[in-house]
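Below is query22.cif, which holds mmCIF, C-alpha atoms.
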data_entry
#
loop_
_atom_site.label_atom_id
_atom_site.label_comp_id
_atom_site.auth_asym_id
_atom_site.auth_seq_id
_atom_site.Cartn_x
_atom_site.Cartn_y
_atom_site.Cartn_z
CA GLU A 1 -15.95 -29.17 12.57
CA THR A 2 -13.77 -26.08 12.45
CA GLY A 3 -15.32 -22.64 11.96
CA VAL A 4 -13.51 -21.90 8.69
CA THR A 5 -12.64 -24.76 6.36
CA GLN A 6 -10.34 -24.50 3.38
CA THR A 7 -9.83 -27.04 0.61
CA PRO A 8 -7.57 -28.34 -0.66
CA ARG A 9 -4.93 -28.16 2.05
CA HIS A 10 -2.14 -28.59 -0.48
CA LEU A 11 -2.07 -27.86 -4.20
CA VAL A 12 0.66 -28.19 -6.79
CA MET A 13 -0.10 -26.67 -10.17
CA GLY A 14 1.70 -25.85 -13.36
CA MET A 15 1.85 -22.34 -14.71
CA THR A 16 -0.68 -23.13 -17.42
CA ASN A 17 -3.23 -24.82 -15.15
CA LYS A 18 -6.50 -23.47 -13.81
CA LYS A 19 -7.48 -24.37 -10.29
CA SER A 20 -9.72 -23.04 -7.53
CA LEU A 21 -9.35 -22.70 -3.78
CA LYS A 22 -12.45 -23.07 -1.67
CA CYS A 23 -13.32 -21.59 1.70
CA GLU A 24 -16.42 -22.26 3.76
CA GLN A 25 -17.35 -20.69 7.09
CA HIS A 26 -19.86 -22.15 9.54
CA LEU A 27 -19.97 -19.19 11.88
CA GLY A 28 -22.80 -17.14 10.39
CA HIS A 29 -20.41 -14.35 9.50
CA ASN A 30 -21.07 -11.90 6.69
CA ALA A 31 -17.54 -10.81 5.76
CA MET A 32 -14.86 -12.99 4.18
CA TYR A 33 -11.26 -12.37 3.24
CA TRP A 34 -8.36 -13.84 1.30
CA TYR A 35 -4.83 -13.37 2.64
CA LYS A 36 -1.52 -14.42 1.13
CA GLN A 37 1.33 -15.55 3.35
CA SER A 38 4.66 -15.76 1.55
CA ALA A 39 7.90 -16.83 3.12
CA LYS A 40 9.52 -14.07 5.14
CA LYS A 41 6.79 -11.53 4.35
CA PRO A 42 3.87 -10.29 6.43
CA LEU A 43 0.43 -11.62 5.68
CA GLU A 44 -1.01 -9.58 2.84
CA LEU A 45 -4.71 -8.86 2.51
CA MET A 46 -5.84 -9.68 -1.03
CA PHE A 47 -9.62 -9.35 -1.16
CA VAL A 48 -12.48 -8.38 1.14
CA TYR A 49 -16.12 -9.33 0.70
CA ASN A 50 -18.88 -7.80 2.83
CA PHE A 51 -22.38 -9.24 2.37
CA LYS A 52 -21.16 -11.04 -0.78
CA GLU A 53 -19.96 -7.81 -2.38
CA GLN A 54 -16.29 -7.24 -3.04
CA THR A 55 -15.26 -4.14 -1.13
CA GLU A 56 -11.52 -4.32 -1.49
CA ASN A 57 -8.94 -5.54 -3.98
CA ASN A 58 -5.42 -4.76 -2.87
CA SER A 59 -3.87 -4.46 -6.34
CA VAL A 60 -3.98 -8.20 -6.83
CA PRO A 61 -3.01 -9.43 -10.33
CA SER A 62 -5.90 -10.54 -12.50
CA ARG A 63 -4.61 -14.12 -12.55
CA PHE A 64 -6.29 -14.31 -9.12
CA SER A 65 -10.07 -14.10 -9.42
CA PRO A 66 -12.25 -14.26 -6.30
CA GLU A 67 -15.87 -15.32 -6.15
CA CYS A 68 -18.33 -15.09 -3.28
CA PRO A 69 -21.63 -16.76 -4.20
CA ASN A 70 -23.04 -16.40 -0.68
CA SER A 71 -21.94 -15.28 2.77
CA SER A 72 -20.69 -18.75 3.68
CA HIS A 73 -18.53 -19.55 0.66
CA LEU A 74 -15.53 -17.89 -0.91
CA PHE A 75 -13.47 -19.09 -3.85
CA LEU A 76 -10.18 -18.02 -5.33
CA HIS A 77 -9.84 -18.98 -8.97
CA LEU A 78 -6.29 -19.32 -10.20
CA HIS A 79 -4.97 -19.28 -13.77
CA THR A 80 -1.59 -18.85 -15.43
CA LEU A 81 0.17 -18.38 -12.13
CA GLN A 82 3.85 -17.65 -11.64
CA PRO A 83 6.30 -19.47 -9.35
CA GLU A 84 6.38 -16.41 -7.08
CA ASP A 85 2.68 -17.00 -6.38
CA SER A 86 3.64 -20.05 -4.34
CA ALA A 87 2.46 -19.31 -0.81
CA LEU A 88 0.01 -20.19 1.93
CA TYR A 89 -3.40 -18.75 1.09
CA LEU A 90 -5.53 -18.10 4.14
CA CYS A 91 -9.22 -17.44 4.24
CA ALA A 92 -10.86 -15.58 7.12
CA SER A 93 -14.34 -14.54 8.14
CA SER A 94 -15.76 -12.02 10.57
CA GLN A 95 -18.99 -10.30 11.47
CA VAL A 96 -19.43 -6.86 9.97
CA ARG A 97 -20.16 -4.10 12.49
CA ARG A 98 -19.93 -6.40 15.49
CA LEU A 99 -17.48 -4.91 17.98
CA ASP A 100 -17.14 -7.98 20.15
CA THR A 101 -15.83 -10.56 17.75
CA GLU A 102 -12.60 -11.19 15.95
CA ALA A 103 -11.67 -12.68 12.59
CA PHE A 104 -11.46 -16.45 12.35
CA PHE A 105 -8.98 -18.06 10.00
CA GLY A 106 -8.88 -21.33 8.15
CA GLN A 107 -5.86 -23.60 8.05
CA GLY A 108 -4.89 -22.37 4.62
CA THR A 109 -4.06 -23.89 1.26
CA ARG A 110 -0.35 -24.43 0.64
CA LEU A 111 0.06 -23.61 -3.07
CA THR A 112 3.13 -24.55 -5.07
CA VAL A 113 3.43 -23.33 -8.64
CA VAL A 114 5.86 -25.32 -10.77
CA ALA B 1 -0.87 4.13 6.26
CA GLN B 2 -0.61 1.54 8.98
CA LYS B 3 2.42 -0.48 9.88
CA VAL B 4 3.20 -3.17 12.44
CA THR B 5 6.77 -4.12 13.27
CA GLN B 6 7.87 -7.23 15.11
CA ALA B 7 11.59 -6.77 15.33
CA GLN B 8 12.29 -10.27 16.64
CA THR B 9 12.30 -12.68 13.73
CA GLU B 10 13.08 -15.76 15.79
CA ILE B 11 13.32 -16.46 19.51
CA SER B 12 14.57 -19.67 21.06
CA VAL B 13 14.09 -20.44 24.75
CA VAL B 14 14.23 -23.41 27.07
CA GLU B 15 11.06 -24.66 28.67
CA LYS B 16 9.95 -22.74 31.78
CA GLU B 17 11.73 -19.57 30.72
CA ASP B 18 9.69 -16.40 30.37
CA VAL B 19 9.68 -14.81 26.93
CA THR B 20 8.46 -11.44 25.64
CA LEU B 21 7.47 -10.82 22.05
CA ASP B 22 7.71 -7.18 20.98
CA CYS B 23 5.25 -5.33 18.76
CA VAL B 24 5.44 -1.70 17.67
CA TYR B 25 2.82 -0.11 15.47
CA GLU B 26 2.19 3.03 13.45
CA THR B 27 -1.21 4.44 12.62
CA ARG B 28 -2.83 7.80 11.98
CA ASP B 29 -6.16 6.58 13.29
CA THR B 30 -7.19 7.89 16.68
CA THR B 31 -9.06 4.72 17.52
CA TYR B 32 -7.93 1.28 16.59
CA TYR B 33 -7.71 -2.32 17.71
CA LEU B 34 -4.62 -4.40 18.28
CA PHE B 35 -4.48 -8.17 18.12
CA TRP B 36 -2.18 -11.08 18.75
CA TYR B 37 -2.61 -14.29 16.78
CA LYS B 38 -0.76 -17.60 17.11
CA GLN B 39 0.01 -19.75 14.06
CA PRO B 40 0.88 -23.36 14.97
CA PRO B 41 2.41 -25.69 12.37
CA SER B 42 -1.09 -26.68 11.21
CA GLY B 43 -1.40 -23.26 9.60
CA GLU B 44 -4.50 -21.57 10.96
CA LEU B 45 -4.23 -18.33 12.88
CA VAL B 46 -5.58 -18.67 16.39
CA PHE B 47 -6.90 -15.53 18.04
CA LEU B 48 -5.29 -14.68 21.38
CA ILE B 49 -6.35 -11.16 22.31
CA ARG B 50 -8.00 -7.97 21.07
CA ARG B 51 -7.23 -4.62 22.68
CA ASN B 52 -9.01 -1.30 22.07
CA SER B 53 -6.78 1.77 21.81
CA PHE B 54 -8.76 3.39 24.62
CA ASP B 55 -8.04 0.58 27.01
CA GLU B 56 -4.47 0.65 28.27
CA GLN B 57 -4.99 -1.80 31.07
CA ASN B 58 -2.64 -4.70 30.97
CA GLU B 59 -4.24 -8.10 30.69
CA ILE B 60 -3.33 -11.48 32.01
CA SER B 61 -4.78 -14.78 30.86
CA GLY B 62 -3.16 -17.75 32.48
CA ARG B 63 0.49 -17.80 31.40
CA TYR B 64 -0.11 -15.05 28.84
CA SER B 65 0.05 -11.33 29.55
CA TRP B 66 -0.04 -8.26 27.38
CA ASN B 67 1.44 -4.81 27.96
CA PHE B 68 -0.14 -2.03 25.91
CA GLN B 69 1.62 1.35 26.03
CA LYS B 70 0.05 3.93 23.78
CA SER B 71 2.80 6.45 24.51
CA THR B 72 5.38 4.22 22.86
CA SER B 73 2.96 2.57 20.37
CA SER B 74 3.82 -0.83 21.70
CA PHE B 75 1.76 -3.92 22.45
CA ASN B 76 4.07 -6.56 23.86
CA PHE B 77 3.18 -10.14 24.66
CA THR B 78 4.76 -12.17 27.45
CA ILE B 79 4.56 -15.91 27.98
CA THR B 80 5.43 -16.96 31.51
CA ALA B 81 6.94 -20.38 32.15
CA SER B 82 6.99 -21.27 28.47
CA GLN B 83 6.10 -24.76 27.29
CA VAL B 84 6.96 -26.75 24.20
CA VAL B 85 3.36 -26.37 23.01
CA ASP B 86 3.91 -22.60 22.83
CA SER B 87 6.21 -23.13 19.85
CA ALA B 88 4.57 -21.33 16.94
CA VAL B 89 4.67 -18.17 14.89
CA TYR B 90 3.09 -15.21 16.67
CA PHE B 91 1.62 -12.26 14.81
CA CYS B 92 0.71 -8.83 16.04
CA ALA B 93 -1.95 -7.05 13.98
CA LEU B 94 -3.80 -3.76 13.77
CA THR B 95 -7.12 -2.53 12.38
CA PRO B 96 -8.90 0.82 12.64
CA SER B 97 -11.89 0.63 14.92
CA LEU B 98 -13.93 2.85 12.63
CA GLY B 99 -13.94 0.08 10.08
CA THR B 100 -16.81 -2.30 9.77
CA SER B 101 -15.10 -5.53 10.70
CA TYR B 102 -12.06 -7.02 12.29
CA GLY B 103 -10.92 -9.08 9.35
CA LYS B 104 -9.12 -6.29 7.52
CA LEU B 105 -5.86 -6.55 9.41
CA THR B 106 -2.37 -5.16 8.99
CA PHE B 107 0.03 -7.80 10.27
CA GLY B 108 3.58 -7.69 11.51
CA GLN B 109 6.18 -10.00 10.03
CA GLY B 110 5.68 -12.54 12.78
CA THR B 111 8.01 -13.95 15.42
CA ILE B 112 8.95 -17.61 15.32
CA LEU B 113 9.07 -18.89 18.88
CA THR B 114 10.77 -22.20 19.57
CA VAL B 115 10.59 -23.64 23.06
CA HIS B 116 13.06 -26.44 23.69
CA PRO B 117 12.40 -29.14 26.30
#
Starting from the file, lay out its structure as structure tokens.
Amino acid sequence: ETGVTQTPRHLVMGMTNKKSLKCEQHLGHNAMYWYKQSAKKPLELMFVYNFKEQTENNSVPSRFSPECPNSSHLFLHLHTLQPEDSALYLCASSQVRRLDTEAFFGQGTRLTVV
Amino acid sequence: AQKVTQAQTEISVVEKEDVTLDCVYETRDTTYYLFWYKQPPSGELVFLIRRNSFDEQNEISGRYSWNFQKSTSSFNFTITASQVVDSAVYFCALTPSLGTSYGKLTFGQGTILTVHP
């Protein structure tokens, strides 16, 4: 079992659909993150959750709505997306205030908006 | 503002060649951490190394070595005797060490490394 698991691995959705991405970490971490990886662009941090509280939103459009019900689970709710939102969405987790650990990433959800 | 630049978009080598991936960064923080991650075709980012800005010692781990030079704001990564399994996208990343966690990273654009047999 990998440390950070993302489902689904692939998702194709229409612009009028509503879907959700799920991330689960089994590492006992207390911080979780959503990153977006578009073609030919650096990974972009979208949201940060520390102890289930959202601490950062990097000017992400409201059609992306995160949810963190507990320290182990993170969701990204999607609605009325645009084709330019097609990307690999990566979830990560880390331990807040631990100076001897790094962030662990999931394998990502490859999203295609048609 | 922080910025990480990986000037090499793609590198292609033949197996057993040595290859160096360049990383240059900009930050106003006096203390920070630098990272290298590997992204194989499966998608997940695999952690390779973390380096504190106070520690300029070079590090070697098997075929991997890292050269951190604070004077030139560079943190280069060398693979010795490359292998086909090294083919992946490699990312350099930066985070301030005064932050509370290592997940809030500024990434470079990535370097696609292809090792041919």
- [ ] For Val24 of chain B, please output as number ranges by chain all residues within 6 Å (counting only C-alpha atoms; exclusion window: fewer than 3 positions along the same chain).
- [x] B: 4-5, 73-74
Now that the selection is made, can you save its residues with C-alpha atoms as a PDB file, keeping the file's coordinate frame?
ATOM      1  CA  VAL B   4       3.200  -3.170  12.440  1.00  0.00           C
ATOM      2  CA  THR B   5       6.770  -4.120  13.270  1.00  0.00           C
ATOM      3  CA  SER B  73       2.960   2.570  20.370  1.00  0.00           C
ATOM      4  CA  SER B  74       3.820  -0.830  21.700  1.00  0.00           C
TER       5      SER B  74
END
Taking all atoms listed in the file into account, what are the residues of chain A at most 12 Å from chain B, put as a compact mmCIF listing (two decimals) with C-alpha atoms, in the coordinates of the input?
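Full text of out-v4.txt as output:
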# COMPACT_ATOMS: atom_id res chain seq x y z
CA THR A 2 -13.77 -26.08 12.45
CA GLY A 3 -15.32 -22.64 11.96
CA VAL A 4 -13.51 -21.90 8.69
CA THR A 5 -12.64 -24.76 6.36
CA GLN A 6 -10.34 -24.50 3.38
CA ARG A 9 -4.93 -28.16 2.05
CA HIS A 10 -2.14 -28.59 -0.48
CA HIS A 29 -20.41 -14.35 9.50
CA ASN A 30 -21.07 -11.90 6.69
CA ALA A 31 -17.54 -10.81 5.76
CA MET A 32 -14.86 -12.99 4.18
CA TYR A 33 -11.26 -12.37 3.24
CA TRP A 34 -8.36 -13.84 1.30
CA TYR A 35 -4.83 -13.37 2.64
CA LYS A 36 -1.52 -14.42 1.13
CA GLN A 37 1.33 -15.55 3.35
CA SER A 38 4.66 -15.76 1.55
CA ALA A 39 7.90 -16.83 3.12
CA LYS A 40 9.52 -14.07 5.14
CA LYS A 41 6.79 -11.53 4.35
CA PRO A 42 3.87 -10.29 6.43
CA LEU A 43 0.43 -11.62 5.68
CA GLU A 44 -1.01 -9.58 2.84
CA LEU A 45 -4.71 -8.86 2.51
CA MET A 46 -5.84 -9.68 -1.03
CA PHE A 47 -9.62 -9.35 -1.16
CA VAL A 48 -12.48 -8.38 1.14
CA TYR A 49 -16.12 -9.33 0.70
CA ASN A 50 -18.88 -7.80 2.83
CA PHE A 51 -22.38 -9.24 2.37
CA THR A 55 -15.26 -4.14 -1.13
CA GLU A 56 -11.52 -4.32 -1.49
CA ASN A 57 -8.94 -5.54 -3.98
CA ASN A 58 -5.42 -4.76 -2.87
CA ALA A 87 2.46 -19.31 -0.81
CA LEU A 88 0.01 -20.19 1.93
CA TYR A 89 -3.40 -18.75 1.09
CA LEU A 90 -5.53 -18.10 4.14
CA CYS A 91 -9.22 -17.44 4.24
CA ALA A 92 -10.86 -15.58 7.12
CA SER A 93 -14.34 -14.54 8.14
CA SER A 94 -15.76 -12.02 10.57
CA GLN A 95 -18.99 -10.30 11.47
CA VAL A 96 -19.43 -6.86 9.97
CA ARG A 97 -20.16 -4.10 12.49
CA ARG A 98 -19.93 -6.40 15.49
CA LEU A 99 -17.48 -4.91 17.98
CA ASP A 100 -17.14 -7.98 20.15
CA THR A 101 -15.83 -10.56 17.75
CA GLU A 102 -12.60 -11.19 15.95
CA ALA A 103 -11.67 -12.68 12.59
CA PHE A 104 -11.46 -16.45 12.35
CA PHE A 105 -8.98 -18.06 10.00
CA GLY A 106 -8.88 -21.33 8.15
CA GLN A 107 -5.86 -23.60 8.05
CA GLY A 108 -4.89 -22.37 4.62
CA THR A 109 -4.06 -23.89 1.26
CA ARG A 110 -0.35 -24.43 0.64
- [ ] Would you list the residues near (0.8, -14.7, 35.0), meaning any protein, DNA or RNA residue with an atom at most 9 Å from that point in file coordinates, counting only C-alpha atoms, as a PyMOL selection string?
- [x] chain B and resi 60-65+78-81
Task: atom CA of His26 of chain A to atom CA of Lys38 of chain B, distance in Å rounded to a single decimal - done: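 Rounded to one decimal, the two atoms are 21.0 Å apart.
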Task: Chain and number of each residue from the PyMOL selection byres ((chain B and resi 86) around 9), as a ChimeraX atom specification - done: /B:38,40,79,82-85,87-88,113-115
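Straight-line separation from atom CA of Thr7 of chain A to atom CA of Trp36 of chain B: 25.3 Å.
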Residues picked by the PyMOL selection byres ((chain A and resi 67) around 9) here, as a PDB file with C-alpha atoms, keeping the file's coordinate frame?
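Listed below is the output, out_29.pdb:
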ATOM      1  CA  LYS A  52     -21.160 -11.040  -0.780  1.00  0.00           C
ATOM      2  CA  GLN A  54     -16.290  -7.240  -3.040  1.00  0.00           C
ATOM      3  CA  SER A  65     -10.070 -14.100  -9.420  1.00  0.00           C
ATOM      4  CA  PRO A  66     -12.250 -14.260  -6.300  1.00  0.00           C
ATOM      5  CA  CYS A  68     -18.330 -15.090  -3.280  1.00  0.00           C
ATOM      6  CA  PRO A  69     -21.630 -16.760  -4.200  1.00  0.00           C
ATOM      7  CA  HIS A  73     -18.530 -19.550   0.660  1.00  0.00           C
ATOM      8  CA  LEU A  74     -15.530 -17.890  -0.910  1.00  0.00           C
ATOM      9  CA  PHE A  75     -13.470 -19.090  -3.850  1.00  0.00           C
ATOM     10  CA  LEU A  76     -10.180 -18.020  -5.330  1.00  0.00           C
ATOM     11  CA  HIS A  77      -9.840 -18.980  -8.970  1.00  0.00           C
TER      12      HIS A  77
END
- [ ] Record the distance separating atom CA of Lys19 of chain A and atom CA of Leu78 of chain A, expressed in Å with one decimal.
- [x] 5.2 Å
Just say which residues the PyMOL selection byres ((chain B and resi 1) around 10) picks in this file, as a compact mmCIF listing (two decimals) with C-alpha atoms, keeping the file's coordinate frame.
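Written out: selection.txt:
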# COMPACT_ATOMS: atom_id res chain seq x y z
CA GLN B 2 -0.61 1.54 8.98
CA LYS B 3 2.42 -0.48 9.88
CA GLU B 26 2.19 3.03 13.45
CA THR B 27 -1.21 4.44 12.62
CA ARG B 28 -2.83 7.80 11.98
CA ASP B 29 -6.16 6.58 13.29
CA THR B 106 -2.37 -5.16 8.99
Where atoms are lacking, segment 85-96 of chain B completed to all heavy atoms, as a PDB file, in the frame of the given file:
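For reference, out26.pdb as written:
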ATOM      1  N   VAL B  85       4.566 -26.595  23.818  1.00  0.00           N
ATOM      2  CA  VAL B  85       3.360 -26.370  23.010  1.00  0.00           C
ATOM      3  C   VAL B  85       3.190 -24.904  22.610  1.00  0.00           C
ATOM      4  O   VAL B  85       2.350 -24.587  21.762  1.00  0.00           O
ATOM      5  CB  VAL B  85       2.088 -26.842  23.744  1.00  0.00           C
ATOM      6  CG1 VAL B  85       2.100 -28.340  23.907  1.00  0.00           C
ATOM      7  CG2 VAL B  85       1.930 -26.123  25.073  1.00  0.00           C
ATOM      8  N   ASP B  86       3.964 -24.014  23.206  1.00  0.00           N
ATOM      9  CA  ASP B  86       3.910 -22.600  22.830  1.00  0.00           C
ATOM     10  C   ASP B  86       4.686 -22.338  21.542  1.00  0.00           C
ATOM     11  O   ASP B  86       4.605 -21.240  20.983  1.00  0.00           O
ATOM     12  CB  ASP B  86       4.487 -21.727  23.944  1.00  0.00           C
ATOM     13  CG  ASP B  86       3.669 -21.784  25.219  1.00  0.00           C
ATOM     14  OD1 ASP B  86       2.429 -21.924  25.132  1.00  0.00           O
ATOM     15  OD2 ASP B  86       4.271 -21.693  26.316  1.00  0.00           O
ATOM     16  N   SER B  87       5.434 -23.308  21.082  1.00  0.00           N
ATOM     17  CA  SER B  87       6.210 -23.130  19.850  1.00  0.00           C
ATOM     18  C   SER B  87       5.259 -22.872  18.685  1.00  0.00           C
ATOM     19  O   SER B  87       4.363 -23.681  18.397  1.00  0.00           O
ATOM     20  CB  SER B  87       7.052 -24.371  19.566  1.00  0.00           C
ATOM     21  OG  SER B  87       8.005 -24.588  20.592  1.00  0.00           O
ATOM     22  N   ALA B  88       5.458 -21.748  18.019  1.00  0.00           N
ATOM     23  CA  ALA B  88       4.570 -21.330  16.940  1.00  0.00           C
ATOM     24  C   ALA B  88       5.096 -20.021  16.376  1.00  0.00           C
ATOM     25  O   ALA B  88       6.085 -19.477  16.860  1.00  0.00           O
ATOM     26  CB  ALA B  88       3.143 -21.138  17.454  1.00  0.00           C
ATOM     27  N   VAL B  89       4.396 -19.520  15.372  1.00  0.00           N
ATOM     28  CA  VAL B  89       4.670 -18.170  14.890  1.00  0.00           C
ATOM     29  C   VAL B  89       3.595 -17.263  15.490  1.00  0.00           C
ATOM     30  O   VAL B  89       2.410 -17.590  15.461  1.00  0.00           O
ATOM     31  CB  VAL B  89       4.621 -18.079  13.357  1.00  0.00           C
ATOM     32  CG1 VAL B  89       5.022 -16.684  12.898  1.00  0.00           C
ATOM     33  CG2 VAL B  89       5.541 -19.118  12.733  1.00  0.00           C
ATOM     34  N   TYR B  90       4.021 -16.140  16.038  1.00  0.00           N
ATOM     35  CA  TYR B  90       3.090 -15.210  16.670  1.00  0.00           C
ATOM     36  C   TYR B  90       3.050 -13.915  15.871  1.00  0.00           C
ATOM     37  O   TYR B  90       4.079 -13.348  15.527  1.00  0.00           O
ATOM     38  CB  TYR B  90       3.521 -14.931  18.111  1.00  0.00           C
ATOM     39  CG  TYR B  90       3.334 -16.130  19.018  1.00  0.00           C
ATOM     40  CD1 TYR B  90       4.310 -17.112  19.110  1.00  0.00           C
ATOM     41  CD2 TYR B  90       2.151 -16.289  19.745  1.00  0.00           C
ATOM     42  CE1 TYR B  90       4.127 -18.225  19.910  1.00  0.00           C
ATOM     43  CE2 TYR B  90       1.968 -17.401  20.558  1.00  0.00           C
ATOM     44  CZ  TYR B  90       2.955 -18.364  20.630  1.00  0.00           C
ATOM     45  OH  TYR B  90       2.762 -19.467  21.430  1.00  0.00           O
ATOM     46  N   PHE B  91       1.825 -13.474  15.600  1.00  0.00           N
ATOM     47  CA  PHE B  91       1.620 -12.260  14.810  1.00  0.00           C
ATOM     48  C   PHE B  91       0.901 -11.212  15.627  1.00  0.00           C
ATOM     49  O   PHE B  91      -0.099 -11.496  16.298  1.00  0.00           O
ATOM     50  CB  PHE B  91       0.779 -12.561  13.567  1.00  0.00           C
ATOM     51  CG  PHE B  91       1.465 -13.395  12.539  1.00  0.00           C
ATOM     52  CD1 PHE B  91       1.282 -14.770  12.505  1.00  0.00           C
ATOM     53  CD2 PHE B  91       2.305 -12.809  11.595  1.00  0.00           C
ATOM     54  CE1 PHE B  91       1.911 -15.546  11.554  1.00  0.00           C
ATOM     55  CE2 PHE B  91       2.940 -13.580  10.642  1.00  0.00           C
ATOM     56  CZ  PHE B  91       2.738 -14.958  10.617  1.00  0.00           C
ATOM     57  N   CYS B  92       1.395 -10.002  15.520  1.00  0.00           N
ATOM     58  CA  CYS B  92       0.710  -8.830  16.040  1.00  0.00           C
ATOM     59  C   CYS B  92       0.007  -8.182  14.864  1.00  0.00           C
ATOM     60  O   CYS B  92       0.528  -8.185  13.733  1.00  0.00           O
ATOM     61  CB  CYS B  92       1.753  -7.896  16.652  1.00  0.00           C
ATOM     62  SG  CYS B  92       1.105  -6.394  17.388  1.00  0.00           S
ATOM     63  N   ALA B  93      -1.181  -7.627  15.089  1.00  0.00           N
ATOM     64  CA  ALA B  93      -1.950  -7.050  13.980  1.00  0.00           C
ATOM     65  C   ALA B  93      -2.735  -5.847  14.453  1.00  0.00           C
ATOM     66  O   ALA B  93      -2.984  -5.659  15.649  1.00  0.00           O
ATOM     67  CB  ALA B  93      -2.876  -8.096  13.372  1.00  0.00           C
ATOM     68  N   LEU B  94      -3.162  -5.041  13.486  1.00  0.00           N
ATOM     69  CA  LEU B  94      -3.800  -3.760  13.770  1.00  0.00           C
ATOM     70  C   LEU B  94      -4.949  -3.529  12.799  1.00  0.00           C
ATOM     71  O   LEU B  94      -4.846  -3.881  11.614  1.00  0.00           O
ATOM     72  CB  LEU B  94      -2.757  -2.651  13.597  1.00  0.00           C
ATOM     73  CG  LEU B  94      -3.160  -1.190  13.559  1.00  0.00           C
ATOM     74  CD1 LEU B  94      -3.588  -0.732  14.941  1.00  0.00           C
ATOM     75  CD2 LEU B  94      -1.986  -0.329  13.073  1.00  0.00           C
ATOM     76  N   THR B  95      -6.043  -2.951  13.271  1.00  0.00           N
ATOM     77  CA  THR B  95      -7.120  -2.530  12.380  1.00  0.00           C
ATOM     78  C   THR B  95      -7.765  -1.277  12.967  1.00  0.00           C
ATOM     79  O   THR B  95      -7.848  -1.140  14.182  1.00  0.00           O
ATOM     80  CB  THR B  95      -8.156  -3.652  12.198  1.00  0.00           C
ATOM     81  OG1 THR B  95      -9.046  -3.289  11.143  1.00  0.00           O
ATOM     82  CG2 THR B  95      -8.984  -3.877  13.453  1.00  0.00           C
ATOM     83  N   PRO B  96      -8.206  -0.355  12.104  1.00  0.00           N
ATOM     84  CA  PRO B  96      -8.900   0.820  12.640  1.00  0.00           C
ATOM     85  C   PRO B  96     -10.251   0.444  13.195  1.00  0.00           C
ATOM     86  O   PRO B  96     -10.951  -0.384  12.609  1.00  0.00           O
ATOM     87  CB  PRO B  96      -9.026   1.742  11.419  1.00  0.00           C
ATOM     88  CG  PRO B  96      -8.906   0.854  10.250  1.00  0.00           C
ATOM     89  CD  PRO B  96      -8.044  -0.287  10.652  1.00  0.00           C
TER      90      PRO B  96
END
